[in-house]
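**Q** Got a structure for you, questions after.
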Amino acid sequence: MTFVVTEVCIKCKHTDCVEVCPVDCFYEGENMLVISPDECIDCGVCEPECPIDAILPDSDPEADKWLEMNKKYSEEWANITLQKPPMPEAEEMKDVKGKYKDHFSAESGDGD
């Protein structure tokens with residue numbers, strides 16, 4: 001089992017989860033994070049740290065559609081291990097639905 005980041009993270013990119021991850025399995029895109037399912041040890045410490053509930057266990061039916069996306073981009077984006085401020089528009093974007101279709105970027109983020 002693993003945890004996955006969902007579209008809720010898009011345009012928010014809170015990194016509270018990164019700071020607590022014991023295996024550094026988060027990767028940073030331009031406007032969201034993903035978790036490497038190959039590196040995640042299913043400890044669960046990241047899930048409650050996300051202030052917008054963007055992280056789900058892969059046992060959640062909603063997580064199915066995000067597992068492949070997390071896997072793909074964790075192989076392309078830079079690893080992130082330190083907390084940084086969320087995106088400037090995080091507060092206004094946190095409850096927006098359908099963000100993947102309208103706002104997702106496959107570009108890499110800054111990394112560490």
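Just remember, in the structure tokens the first chain shown is A, the second B, etc., residues are 1-based per chain, and ligands are 1-based in the order shown.
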Taking only chain A into account, list the residues labelled alpha helix (DSSP H) by DSSP (computed from the backbone), as an MDAnalysis selection string.

**A** chainID A and resid 16:20 64:74 90:93 99:103

**Q** Could you name the residues that touch Thr2 (chain A) at 12 Å or less, counting only C-alpha atoms, but leaving out those on the same chain fewer than 4 positions away, as a PyMOL selection string?

**A** chain A and resi 25+34-47+55-60+63-64+66-68+70-71

**Q** So which bits of chain A end up strand (DSSP E) when you DSSP the backbone, as a PDB file with N, CA and C atoms, in the first residue's frame?

**A**
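Below is the file part.pdb, written as the result:
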ATOM      1  N   PHE A   3       0.491   5.899  -0.312  1.00  0.00           N
ATOM      2  CA  PHE A   3      -0.361   7.078  -0.284  1.00  0.00           C
ATOM      3  C   PHE A   3      -0.166   7.817  -1.601  1.00  0.00           C
ATOM      4  N   VAL A   4      -1.176   8.586  -2.014  1.00  0.00           N
ATOM      5  CA  VAL A   4      -1.096   9.343  -3.253  1.00  0.00           C
ATOM      6  C   VAL A   4      -1.563  10.771  -3.019  1.00  0.00           C
ATOM      7  N   VAL A   5      -1.027  11.670  -3.819  1.00  0.00           N
ATOM      8  CA  VAL A   5      -1.463  13.060  -3.804  1.00  0.00           C
ATOM      9  C   VAL A   5      -2.508  13.194  -4.911  1.00  0.00           C
ATOM     10  N   PHE A  26       8.509  12.433  -1.642  1.00  0.00           N
ATOM     11  CA  PHE A  26       7.723  13.452  -2.338  1.00  0.00           C
ATOM     12  C   PHE A  26       8.538  14.068  -3.469  1.00  0.00           C
ATOM     13  N   TYR A  27       7.833  14.400  -4.549  1.00  0.00           N
ATOM     14  CA  TYR A  27       8.449  14.998  -5.722  1.00  0.00           C
ATOM     15  C   TYR A  27       7.636  16.224  -6.107  1.00  0.00           C
ATOM     16  N   GLU A  28       8.343  17.253  -6.599  1.00  0.00           N
ATOM     17  CA  GLU A  28       7.714  18.552  -6.816  1.00  0.00           C
ATOM     18  C   GLU A  28       7.566  18.914  -8.288  1.00  0.00           C
ATOM     19  N   LEU A  33       2.522  18.466  -5.784  1.00  0.00           N
ATOM     20  CA  LEU A  33       3.460  17.430  -5.355  1.00  0.00           C
ATOM     21  C   LEU A  33       2.897  16.073  -5.727  1.00  0.00           C
ATOM     22  N   VAL A  34       3.766  15.058  -5.785  1.00  0.00           N
ATOM     23  CA  VAL A  34       3.337  13.666  -5.919  1.00  0.00           C
ATOM     24  C   VAL A  34       4.178  12.821  -4.971  1.00  0.00           C
ATOM     25  N   ILE A  35       3.695  11.613  -4.715  1.00  0.00           N
ATOM     26  CA  ILE A  35       4.403  10.647  -3.875  1.00  0.00           C
ATOM     27  C   ILE A  35       4.855   9.498  -4.754  1.00  0.00           C
ATOM     28  N   ILE A  55      -4.057  14.225   0.312  1.00  0.00           N
ATOM     29  CA  ILE A  55      -3.373  12.931   0.331  1.00  0.00           C
ATOM     30  C   ILE A  55      -4.340  11.841   0.775  1.00  0.00           C
ATOM     31  N   LEU A  56      -4.345  10.750   0.012  1.00  0.00           N
ATOM     32  CA  LEU A  56      -5.217   9.610   0.322  1.00  0.00           C
ATOM     33  C   LEU A  56      -4.419   8.316   0.322  1.00  0.00           C
ATOM     34  N   PRO A  57      -4.841   7.328   1.128  1.00  0.00           N
ATOM     35  CA  PRO A  57      -4.231   6.002   1.026  1.00  0.00           C
ATOM     36  C   PRO A  57      -4.732   5.349  -0.259  1.00  0.00           C
ATOM     37  N   ALA A  78      11.745  16.517  -9.579  1.00  0.00           N
ATOM     38  CA  ALA A  78      12.803  16.540  -8.563  1.00  0.00           C
ATOM     39  C   ALA A  78      12.242  16.210  -7.175  1.00  0.00           C
ATOM     40  N   ASN A  79      13.047  15.526  -6.414  1.00  0.00           N
ATOM     41  CA  ASN A  79      12.701  15.188  -5.037  1.00  0.00           C
ATOM     42  C   ASN A  79      12.668  16.464  -4.202  1.00  0.00           C
TER      43      ASN A  79
END

**Q** With only C-alpha atoms as the basis for distance, which of A:Pro22, A:Pro86, A:Gly98, A:Gly109 is at the shortest distance from Ile52 (chain A)?

**A** A:Pro86

**Q** Quick one, how far is CA of Lys99 (chain A) from CA of Glu7 (chain A)?

**A** 6.0 Å

**Q** Would you mind reading off the distance between CA of Val18 (chain A) and CA of Pro85 (chain A), one decimal, in Å?

**A**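 Pair CA of Val18 (chain A) / CA of Pro85 (chain A) returns 11.7 Å.
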
**Q** What's the 8 Å shell around His14 (chain A), counting only C-alpha atoms, without same-chain residues fewer than 4 positions away, as a PyMOL selection string?

**A** chain A and resi 9+50-51+84-87+90

**Q** Give the answer as one residue: which of A:Ile10, A:Ala54, A:Val23, A:Ile80 has the shortest atom-to-atom distance to Tyr100 (chain A), using only C-alpha atoms?

**A**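 The answer is A:Ile10, which sits nearest to Tyr100 (chain A).
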
**Q** To one decimal in Å, tell me the separation between CA of Gln83 (chain A) and CA of Cys21 (chain A).

**A**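 For CA of Gln83 (chain A) relative to CA of Cys21 (chain A), the distance reads 10.7 Å.
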
**Q** Can you work out which one of A:Met1, A:Cys17, A:Met69, A:Met32 has the shortest atom-to-atom distance to Ser105 (chain A), counting only C-alpha atoms?

**A**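 Ranked by minimum distance to Ser105 (chain A), first place goes to A:Met32.
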